[in-house]
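A.B. asks: Provided below: upload_27.pdb, containing PDB, C-alpha atoms.
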ATOM      1  CA  MET A 284      -9.725  17.333   1.057  1.00  0.00           C
ATOM      2  CA  ALA A 285     -13.439  16.835   0.568  1.00  0.00           C
ATOM      3  CA  ASP A 286     -14.761  13.784  -1.288  1.00  0.00           C
ATOM      4  CA  LYS A 287     -11.427  12.147  -2.073  1.00  0.00           C
ATOM      5  CA  VAL A 288      -9.731   8.750  -1.692  1.00  0.00           C
ATOM      6  CA  TYR A 289      -5.936   8.804  -1.575  1.00  0.00           C
ATOM      7  CA  LEU A 290      -2.787   6.898  -0.582  1.00  0.00           C
ATOM      8  CA  THR A 291      -0.569   8.566   2.025  1.00  0.00           C
ATOM      9  CA  TYR A 292       2.337   7.768   4.283  1.00  0.00           C
ATOM     10  CA  GLY A 293       1.167   5.975   7.423  1.00  0.00           C
ATOM     11  CA  PRO A 294       2.290   6.563  10.998  1.00  0.00           C
ATOM     12  CA  ALA A 295       5.232   4.328  10.047  1.00  0.00           C
ATOM     13  CA  PHE A 296       6.273   2.072  12.873  1.00  0.00           C
ATOM     14  CA  PHE A 297       9.484   0.729  11.347  1.00  0.00           C
ATOM     15  CA  TYR A 298      11.283  -2.147  12.966  1.00  0.00           C
ATOM     16  CA  LEU A 299      13.734  -3.161  10.240  1.00  0.00           C
ATOM     17  CA  GLY A 300      14.462  -0.984   7.220  1.00  0.00           C
ATOM     18  CA  ASN A 301      12.275   1.794   5.870  1.00  0.00           C
ATOM     19  CA  ILE A 302      10.069   2.875   2.994  1.00  0.00           C
ATOM     20  CA  SER A 303      10.642   5.916   0.802  1.00  0.00           C
ATOM     21  CA  VAL A 304       8.695   7.307  -2.131  1.00  0.00           C
ATOM     22  CA  ASN A 305       9.618   9.022  -5.381  1.00  0.00           C
ATOM     23  CA  ASN A 306       6.357  10.941  -5.394  1.00  0.00           C
ATOM     24  CA  THR A 307       4.421  12.235  -8.396  1.00  0.00           C
ATOM     25  CA  ALA A 308       1.905  14.185  -6.290  1.00  0.00           C
ATOM     26  CA  ASP A 309       2.592  16.406  -3.288  1.00  0.00           C
ATOM     27  CA  SER A 310       4.353  15.623  -0.012  1.00  0.00           C
ATOM     28  CA  PHE A 311       1.183  14.239   1.606  1.00  0.00           C
ATOM     29  CA  ILE A 312      -0.599  12.231  -1.107  1.00  0.00           C
ATOM     30  CA  ILE A 313       1.279   9.547  -3.069  1.00  0.00           C
ATOM     31  CA  GLY A 314       0.340  10.019  -6.717  1.00  0.00           C
ATOM     32  CA  SER A 315      -0.274   7.413  -9.389  1.00  0.00           C
ATOM     33  CA  GLY A 316       2.947   6.367 -11.083  1.00  0.00           C
ATOM     34  CA  SER A 317       5.002   6.965  -7.941  1.00  0.00           C
ATOM     35  CA  THR A 318       7.784   4.545  -7.105  1.00  0.00           C
ATOM     36  CA  ILE A 319       7.690   3.172  -3.565  1.00  0.00           C
ATOM     37  CA  TYR A 320      11.068   1.917  -2.392  1.00  0.00           C
ATOM     38  CA  LEU A 321      11.156  -0.919   0.127  1.00  0.00           C
ATOM     39  CA  ASN A 322      14.537  -0.443   1.797  1.00  0.00           C
ATOM     40  CA  PRO A 323      15.354  -3.468   3.947  1.00  0.00           C
ATOM     41  CA  GLU A 324      17.924  -3.580   6.726  1.00  0.00           C
ATOM     42  CA  GLN A 325      21.128  -5.194   5.434  1.00  0.00           C
ATOM     43  CA  PHE A 326      22.629  -8.211   7.179  1.00  0.00           C
ATOM     44  CA  ALA A 327      25.510 -10.545   6.258  1.00  0.00           C
ATOM     45  CA  ARG A 328      23.280 -13.202   4.660  1.00  0.00           C
ATOM     46  CA  GLY A 329      20.550 -11.010   3.213  1.00  0.00           C
ATOM     47  CA  SER A 330      18.237  -8.163   4.046  1.00  0.00           C
ATOM     48  CA  PHE A 331      14.906  -7.873   5.855  1.00  0.00           C
ATOM     49  CA  LEU A 332      12.100  -5.320   5.955  1.00  0.00           C
ATOM     50  CA  PHE A 333       9.413  -5.160   8.621  1.00  0.00           C
ATOM     51  CA  ALA A 334       7.377  -1.935   8.515  1.00  0.00           C
ATOM     52  CA  ILE A 335       4.032  -1.613  10.300  1.00  0.00           C
ATOM     53  CA  ASP A 336       1.415   0.849   9.006  1.00  0.00           C
ATOM     54  CA  ALA A 337       3.881   2.249   6.466  1.00  0.00           C
ATOM     55  CA  LEU A 338       1.224   3.397   3.974  1.00  0.00           C
ATOM     56  CA  GLN A 339      -2.476   4.187   4.345  1.00  0.00           C
ATOM     57  CA  VAL A 340      -5.507   4.649   2.146  1.00  0.00           C
ATOM     58  CA  ASN A 341      -7.536   7.542   3.524  1.00  0.00           C
ATOM     59  CA  ASP A 342     -10.800   9.026   2.393  1.00  0.00           C
ATOM     60  CA  SER A 343     -12.961  12.006   3.046  1.00  0.00           C
ATOM     61  CA  LEU A 344     -16.094  10.659   1.401  1.00  0.00           C
ATOM     62  CA  SER A 345     -19.590  11.069   2.679  1.00  0.00           C
ATOM     63  CA  PRO A 346     -20.921   7.975   4.521  1.00  0.00           C
ATOM     64  CA  ASN A 347     -23.560   7.791   1.772  1.00  0.00           C
ATOM     65  CA  HIS A 348     -20.990   6.292  -0.618  1.00  0.00           C
ATOM     66  CA  ALA A 349     -20.153   2.584  -0.872  1.00  0.00           C
ATOM     67  CA  VAL A 350     -16.377   2.419  -1.361  1.00  0.00           C
ATOM     68  CA  GLN A 351     -14.181  -0.549  -2.246  1.00  0.00           C
ATOM     69  CA  LEU A 352     -10.511  -0.841  -3.101  1.00  0.00           C
ATOM     70  CA  TRP A 353      -9.543  -3.483  -5.649  1.00  0.00           C
ATOM     71  CA  ILE A 354      -5.791  -4.217  -5.693  1.00  0.00           C
ATOM     72  CA  ASN A 355      -4.341  -6.317  -8.478  1.00  0.00           C
ATOM     73  CA  GLY A 356      -0.916  -7.141  -9.823  1.00  0.00           C
ATOM     74  CA  SER A 357       1.663  -9.804  -9.110  1.00  0.00           C
ATOM     75  CA  MET A 358       4.159  -9.655  -6.259  1.00  0.00           C
ATOM     76  CA  PRO A 359       7.352 -11.604  -5.646  1.00  0.00           C
ATOM     77  CA  SER A 360       6.904 -14.485  -3.210  1.00  0.00           C
ATOM     78  CA  ASN A 361       9.398 -13.003  -0.733  1.00  0.00           C
ATOM     79  CA  ILE A 362       7.221  -9.945  -0.080  1.00  0.00           C
ATOM     80  CA  ILE A 363       4.092 -10.021   2.077  1.00  0.00           C
ATOM     81  CA  ILE A 364       1.809  -7.018   2.393  1.00  0.00           C
ATOM     82  CA  LEU A 365      -0.944  -7.028   5.018  1.00  0.00           C
ATOM     83  CA  ALA A 366      -3.824  -4.575   4.848  1.00  0.00           C
ATOM     84  CA  GLN A 367      -6.170  -3.830   7.727  1.00  0.00           C
ATOM     85  CA  ASN A 368      -8.875  -1.418   8.759  1.00  0.00           C
ATOM     86  CA  ASP A 369     -11.547  -1.496  11.452  1.00  0.00           C
ATOM     87  CA  THR A 370     -13.429  -4.359   9.753  1.00  0.00           C
ATOM     88  CA  SER A 371     -10.874  -6.629   8.077  1.00  0.00           C
ATOM     89  CA  LEU A 372      -7.312  -7.904   7.872  1.00  0.00           C
ATOM     90  CA  SER A 373      -6.069  -9.475   4.628  1.00  0.00           C
ATOM     91  CA  ILE A 374      -2.899 -10.489   2.858  1.00  0.00           C
ATOM     92  CA  ILE A 375      -2.598  -8.727  -0.486  1.00  0.00           C
ATOM     93  CA  SER A 376      -2.623 -11.283  -3.282  1.00  0.00           C
ATOM     94  CA  ASN A 377      -2.837 -10.923  -7.054  1.00  0.00           C
ATOM     95  CA  ASN A 378      -6.477  -9.850  -6.802  1.00  0.00           C
ATOM     96  CA  THR A 379      -7.801  -8.464  -3.489  1.00  0.00           C
ATOM     97  CA  ILE A 380     -10.929  -6.396  -2.749  1.00  0.00           C
ATOM     98  CA  PHE A 381     -11.493  -4.409   0.453  1.00  0.00           C
ATOM     99  CA  ASN A 382     -14.604  -2.671   1.676  1.00  0.00           C
ATOM    100  CA  LEU A 383     -13.422   0.692   2.917  1.00  0.00           C
ATOM    101  CA  SER A 384     -14.970   2.282   5.970  1.00  0.00           C
ATOM    102  CA  ASN A 385     -15.678   5.958   5.511  1.00  0.00           C
ATOM    103  CA  ASN A 386     -13.043   8.109   7.208  1.00  0.00           C
ATOM    104  CA  VAL A 387     -11.204   5.049   8.657  1.00  0.00           C
ATOM    105  CA  PRO A 388      -7.764   4.433   7.131  1.00  0.00           C
ATOM    106  CA  LEU A 389      -6.722   1.156   5.533  1.00  0.00           C
ATOM    107  CA  SER A 390      -3.152   0.523   6.739  1.00  0.00           C
ATOM    108  CA  PHE A 391      -0.456  -1.507   4.993  1.00  0.00           C
ATOM    109  CA  THR A 392       2.267  -3.487   6.759  1.00  0.00           C
ATOM    110  CA  PHE A 393       5.248  -4.798   4.772  1.00  0.00           C
ATOM    111  CA  TYR A 394       7.357  -7.915   5.372  1.00  0.00           C
ATOM    112  CA  ALA A 395      10.145  -8.702   2.923  1.00  0.00           C
ATOM    113  CA  PHE A 396      13.432 -10.531   2.695  1.00  0.00           C
ATOM    114  CA  SER A 397      16.033 -10.487  -0.016  1.00  0.00           C
ATOM    115  CA  PHE A 398      19.348 -12.098  -0.740  1.00  0.00           C
ATOM    116  CA  ASN A 399      20.689  -8.792  -2.072  1.00  0.00           C
ATOM    117  CA  ASN A 400      18.643  -8.923  -5.275  1.00  0.00           C
ATOM    118  CA  THR A 401      16.723  -5.944  -6.594  1.00  0.00           C
ATOM    119  CA  GLU A 402      13.100  -6.803  -7.352  1.00  0.00           C
ATOM    120  CA  THR A 403      10.390  -4.671  -8.909  1.00  0.00           C
ATOM    121  CA  PHE A 404       6.636  -5.059  -9.189  1.00  0.00           C
ATOM    122  CA  SER A 405       3.548  -2.916  -9.756  1.00  0.00           C
ATOM    123  CA  LEU A 406       0.177  -2.885  -8.048  1.00  0.00           C
ATOM    124  CA  ASN A 407      -2.972  -1.308  -9.430  1.00  0.00           C
ATOM    125  CA  PHE A 408      -5.266   0.394  -6.925  1.00  0.00           C
ATOM    126  CA  ASN A 409      -8.788   0.732  -8.337  1.00  0.00           C
ATOM    127  CA  TYR A 410     -11.235   2.656  -6.176  1.00  0.00           C
ATOM    128  CA  ILE A 411     -14.826   1.571  -6.716  1.00  0.00           C
ATOM    129  CA  ILE A 412     -17.272   4.206  -5.511  1.00  0.00           C
ATOM    130  CA  ASP A 413     -20.968   3.402  -5.664  1.00  0.00           C
ATOM    131  CA  HIS A 414     -20.221   0.278  -7.772  1.00  0.00           C
ATOM    132  CA  LYS A 415     -18.194   2.090 -10.480  1.00  0.00           C
ATOM    133  CA  ILE A 416     -14.419   2.231 -10.875  1.00  0.00           C
ATOM    134  CA  VAL A 417     -13.765   5.943 -10.678  1.00  0.00           C
ATOM    135  CA  ILE A 418     -10.089   6.162  -9.709  1.00  0.00           C
ATOM    136  CA  GLU A 419      -7.317   3.973 -11.118  1.00  0.00           C
ATOM    137  CA  TYR A 420      -3.776   4.349  -9.751  1.00  0.00           C
ATOM    138  CA  THR A 421      -0.648   2.314 -10.420  1.00  0.00           C
ATOM    139  CA  TYR A 422       2.204   2.204  -7.928  1.00  0.00           C
ATOM    140  CA  ASN A 423       5.644   0.778  -8.732  1.00  0.00           C
ATOM    141  CA  PHE A 424       7.525  -0.974  -5.937  1.00  0.00           C
ATOM    142  CA  VAL A 425      11.262  -1.610  -5.724  1.00  0.00           C
ATOM    143  CA  LEU A 426      12.800  -3.916  -3.112  1.00  0.00           C
ATOM    144  CA  ASP A 427      16.457  -2.965  -3.098  1.00  0.00           C
TER     145      ASP A 427
END
Mind converting the file's structure to structure tokens?

C.D. replies:
Amino acid sequence: MADKVYLTYGPAFFYLGNISVNNTADSFIIGSGSTIYLNPEQFARGSFLFAIDALQVNDSLSPNHAVQLWINGSMPSNIIILAQNDTSLSIISNNTIFNLSNNVPLSFTFYAFSFNNTETFSLNFNYIIDHKIVIEYTYNFVLD
């Protein structure tokens, strides 16, 4: 996969619940428009999800490229997504920009709780390569 940036499943250390994907690409890369299901563990008073490194942004770009990932969209307040790579750790908010390190994955950890309500939201992943947005993906999330 030369000269690409893509979202994939991570090594997936799940502690409570799991994540599944209705994928529009192949079994390895998660395509734009895919629905990512956040499946929390059910308990008597609600449900909880805690999934470490569940998804990753990977790249196979030459180190000559400057690469950023701009994530925007609104999320419910009961869902927290952390993103980290070798240089930064951030909580995803409505408008977050990451500098990507060439050939080092950006991993996403999910924390969520629900009182048995289904919630949906979308996040836009815009990959900025050499100061131009060149890839725009939208992912739909369902906490069920």

A.B. asks: Each residue of region 287-388 of chain A lying at most 10 Å from region 397-401 of chain A should get a row with its shortest atom-to-atom pair and the distance in Å to one decimal, counting all atoms listed in the file; could you produce that, ordered by chain and increasing number, as JSON lines?

C.D. replies:
{"residue": "A:Pro323", "atom": "CA", "partner": "A:Ser397", "partner_atom": "CA", "distance": 8.1}
{"residue": "A:Glu324", "atom": "CA", "partner": "A:Ser397", "partner_atom": "CA", "distance": 9.8}
{"residue": "A:Gln325", "atom": "CA", "partner": "A:Asn399", "partner_atom": "CA", "distance": 8.3}
{"residue": "A:Phe326", "atom": "CA", "partner": "A:Phe398", "partner_atom": "CA", "distance": 9.4}
{"residue": "A:Ala327", "atom": "CA", "partner": "A:Phe398", "partner_atom": "CA", "distance": 9.5}
{"residue": "A:Arg328", "atom": "CA", "partner": "A:Phe398", "partner_atom": "CA", "distance": 6.8}
{"residue": "A:Gly329", "atom": "CA", "partner": "A:Phe398", "partner_atom": "CA", "distance": 4.3}
{"residue": "A:Ser330", "atom": "CA", "partner": "A:Ser397", "partner_atom": "CA", "distance": 5.2}
{"residue": "A:Phe331", "atom": "CA", "partner": "A:Ser397", "partner_atom": "CA", "distance": 6.5}
{"residue": "A:Leu332", "atom": "CA", "partner": "A:Ser397", "partner_atom": "CA", "distance": 8.8}
{"residue": "A:Asn361", "atom": "CA", "partner": "A:Ser397", "partner_atom": "CA", "distance": 7.1}
{"residue": "A:Ile362", "atom": "CA", "partner": "A:Ser397", "partner_atom": "CA", "distance": 8.8}

A.B. asks: Given the PyMOL selection byres ((chain A and resi 313) around 8) and the file above, list the residues it selects as a list in words.

C.D. replies: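 Against this file, the PyMOL selection byres ((chain A and resi 313) around 8) returns the residues Tyr289, Leu290, Thr291, Tyr292, Val304, Asn306, Thr307, Ala308, Asp309, Ser310, Phe311, Ile312, Gly314, Ser315 and Ser317 of chain A.
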
A.B. asks: Would you pick out the contacts of Gly316 (chain A) at 8 Å or less, using all atoms listed in the file, so that residues sharing its chain but fewer than 2 positions from it are not included, and give the list as JSON, numbers by chain?

C.D. replies: {"A": [307, 314, 318, 420, 421, 422, 423]}

A.B. asks: So how far away is CA of Ser390 (chain A) from CA of Val417 (chain A), in Å?

C.D. replies: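 Computing the Euclidean distance for CA of Val417 (chain A) and CA of Ser390 (chain A) yields 21.1 Å.
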
A.B. asks: Kindly resolve the PyMOL selection byres ((chain A and resi 386) around 12) on the present coordinates and return the residues as a count of residues only.

C.D. replies: 25

A.B. asks: So the first atom is CA of Leu338 (chain A) and the second is CA of Thr392 (chain A); what is the distance between them in Å, to one decimal place?

C.D. replies: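 A separation of 7.5 Å between them.
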
A.B. asks: Kindly indicate which residue among A:Ala366, A:Ile319, A:Ile416, A:Ala337 lies nearest to Thr403 (chain A), using all atoms listed in the file for the distances.

C.D. replies: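 Of the candidates, the smallest distance to Thr403 (chain A) is held by A:Ile319.
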
A.B. asks: For each of A:Asn322, A:Gln367, A:Ser303, A:Ser357, take the minimum atom-to-atom distance to Asn407 (chain A), counting only C-alpha atoms, then give the residue where this is smallest.

C.D. replies: A:Ser357

A.B. asks: Under the rule that only C-alpha atoms are counted, which of A:Ser360, A:Lys415, A:Asn409, A:Asp336 is the nearest residue to Phe391 (chain A)?

C.D. replies: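 Of A:Ser360, A:Lys415, A:Asn409, A:Asp336, the one nearest Phe391 (chain A) is A:Asp336, counting only C-alpha atoms.
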
A.B. asks: Quick one: which residues end up in the PyMOL selection byres ((chain A and resi 352) around 9) for this structure, as a PDB file with C-alpha atoms, keeping the file's coordinate frame?

C.D. replies:
ATOM      1  CA  VAL A 350     -16.377   2.419  -1.361  1.00  0.00           C
ATOM      2  CA  GLN A 351     -14.181  -0.549  -2.246  1.00  0.00           C
ATOM      3  CA  TRP A 353      -9.543  -3.483  -5.649  1.00  0.00           C
ATOM      4  CA  ILE A 354      -5.791  -4.217  -5.693  1.00  0.00           C
ATOM      5  CA  THR A 379      -7.801  -8.464  -3.489  1.00  0.00           C
ATOM      6  CA  ILE A 380     -10.929  -6.396  -2.749  1.00  0.00           C
ATOM      7  CA  PHE A 381     -11.493  -4.409   0.453  1.00  0.00           C
ATOM      8  CA  ASN A 382     -14.604  -2.671   1.676  1.00  0.00           C
ATOM      9  CA  LEU A 383     -13.422   0.692   2.917  1.00  0.00           C
ATOM     10  CA  PHE A 408      -5.266   0.394  -6.925  1.00  0.00           C
ATOM     11  CA  ASN A 409      -8.788   0.732  -8.337  1.00  0.00           C
ATOM     12  CA  TYR A 410     -11.235   2.656  -6.176  1.00  0.00           C
ATOM     13  CA  ILE A 411     -14.826   1.571  -6.716  1.00  0.00           C
ATOM     14  CA  ILE A 412     -17.272   4.206  -5.511  1.00  0.00           C
TER      15      ILE A 412
END

A.B. asks: Can you tell me how far CA of Ile363 (chain A) sits from CA of Ala349 (chain A), in Å to one decimal?

C.D. replies: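 Distance between the two atoms: 27.5 Å.
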
A.B. asks: For region 407-423 of chain A, what centre and edge lengths in Å (one decimal) does the axis-aligned box get once 6 Å is added on each side of all its listed atoms, as JSON?

C.D. replies:
{"center_x": -7.7, "center_y": 2.4, "center_z": -8.3, "size_x": 38.6, "size_y": 19.5, "size_z": 17.6}

A.B. asks: Considering all atoms listed in the file, can you say which of A:Ile374, A:Phe424, A:Leu365, A:Gly300 comes closest to Phe404 (chain A)?

C.D. replies: A:Phe424

A.B. asks: For each of A:Ile364, A:Ala334, A:Met358, A:Leu426, take the minimum atom-to-atom distance to Phe396 (chain A), counting all atoms listed in the file, then give the residue where this is smallest.

C.D. replies: A:Leu426

A.B. asks: Given the choices A:Leu321, A:Tyr394, A:Ser405, A:Phe296, which gets closest to Asn377 (chain A) if the distance is worked out from only C-alpha atoms?

C.D. replies: A:Ser405

A.B. asks: With the input short on atoms, add N, CA, C and O atoms back to region 316-340 of chain A and write it as a compact mmCIF listing (two decimals), keeping the file's coordinate frame.

C.D. replies:
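Final output, saved to out_15.txt:
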# COMPACT_ATOMS: atom_id res chain seq x y z
N GLY A 316 1.68 6.38 -10.38
CA GLY A 316 2.95 6.37 -11.08
C GLY A 316 4.14 6.55 -10.17
O GLY A 316 5.28 6.43 -10.62
N SER A 317 3.90 6.81 -8.90
CA SER A 317 5.00 6.96 -7.94
C SER A 317 5.73 5.64 -7.75
O SER A 317 5.14 4.57 -7.89
N THR A 318 7.01 5.73 -7.43
CA THR A 318 7.78 4.54 -7.10
C THR A 318 7.98 4.50 -5.59
O THR A 318 8.41 5.47 -4.99
N ILE A 319 7.59 3.38 -5.00
CA ILE A 319 7.69 3.17 -3.56
C ILE A 319 8.85 2.21 -3.33
O ILE A 319 8.83 1.08 -3.82
N TYR A 320 9.87 2.70 -2.64
CA TYR A 320 11.07 1.92 -2.39
C TYR A 320 10.97 1.21 -1.05
O TYR A 320 10.74 1.85 -0.03
N LEU A 321 11.12 -0.10 -1.08
CA LEU A 321 11.16 -0.92 0.13
C LEU A 321 12.63 -1.13 0.44
O LEU A 321 13.33 -1.85 -0.28
N ASN A 322 13.11 -0.45 1.46
CA ASN A 322 14.54 -0.44 1.80
C ASN A 322 14.79 -1.32 3.02
O ASN A 322 14.66 -0.86 4.15
N PRO A 323 15.15 -2.57 2.80
CA PRO A 323 15.35 -3.47 3.95
C PRO A 323 16.65 -3.18 4.68
O PRO A 323 17.57 -2.56 4.15
N GLU A 324 16.71 -3.65 5.91
CA GLU A 324 17.92 -3.58 6.73
C GLU A 324 18.88 -4.66 6.22
O GLU A 324 18.49 -5.81 6.04
N GLN A 325 20.14 -4.28 5.99
CA GLN A 325 21.13 -5.19 5.43
C GLN A 325 21.80 -6.01 6.54
O GLN A 325 22.19 -5.46 7.56
N PHE A 326 21.92 -7.31 6.29
CA PHE A 326 22.63 -8.21 7.18
C PHE A 326 23.61 -9.03 6.34
O PHE A 326 23.55 -8.99 5.11
N ALA A 327 24.47 -9.80 6.97
CA ALA A 327 25.51 -10.54 6.26
C ALA A 327 24.93 -11.52 5.23
O ALA A 327 25.45 -11.67 4.14
N ARG A 328 23.82 -12.17 5.56
CA ARG A 328 23.28 -13.20 4.66
C ARG A 328 22.06 -12.76 3.87
O ARG A 328 21.42 -13.56 3.21
N GLY A 329 21.71 -11.50 3.95
CA GLY A 329 20.55 -11.01 3.21
C GLY A 329 20.01 -9.76 3.88
O GLY A 329 20.66 -9.17 4.75
N SER A 330 18.84 -9.37 3.48
CA SER A 330 18.24 -8.16 4.05
C SER A 330 16.77 -8.42 4.37
O SER A 330 16.12 -9.24 3.73
N PHE A 331 16.27 -7.68 5.38
CA PHE A 331 14.91 -7.87 5.86
C PHE A 331 14.21 -6.53 6.04
O PHE A 331 14.83 -5.55 6.46
N LEU A 332 12.93 -6.51 5.74
CA LEU A 332 12.10 -5.32 5.96
C LEU A 332 10.89 -5.74 6.78
O LEU A 332 10.25 -6.75 6.48
N PHE A 333 10.61 -4.97 7.81
CA PHE A 333 9.41 -5.16 8.62
C PHE A 333 8.93 -3.76 8.97
O PHE A 333 9.54 -3.08 9.79
N ALA A 334 7.88 -3.30 8.33
CA ALA A 334 7.38 -1.94 8.52
C ALA A 334 5.87 -1.98 8.74
O ALA A 334 5.12 -2.38 7.86
N ILE A 335 5.44 -1.58 9.93
CA ILE A 335 4.03 -1.61 10.30
C ILE A 335 3.38 -0.28 9.96
O ILE A 335 3.93 0.78 10.26
N ASP A 336 2.20 -0.34 9.36
CA ASP A 336 1.42 0.85 9.01
C ASP A 336 2.23 1.87 8.20
O ASP A 336 2.17 3.07 8.44
N ALA A 337 2.99 1.38 7.24
CA ALA A 337 3.88 2.25 6.47
C ALA A 337 3.12 3.14 5.49
O ALA A 337 3.51 4.28 5.26
N LEU A 338 2.05 2.62 4.90
CA LEU A 338 1.22 3.40 3.97
C LEU A 338 -0.23 3.25 4.39
O LEU A 338 -0.61 2.27 5.02
N GLN A 339 -1.05 4.24 4.01
CA GLN A 339 -2.48 4.19 4.34
C GLN A 339 -3.31 4.70 3.18
O GLN A 339 -2.91 5.63 2.49
N VAL A 340 -4.48 4.08 3.02
CA VAL A 340 -5.51 4.65 2.15
C VAL A 340 -6.46 5.41 3.06
O VAL A 340 -6.97 4.87 4.03
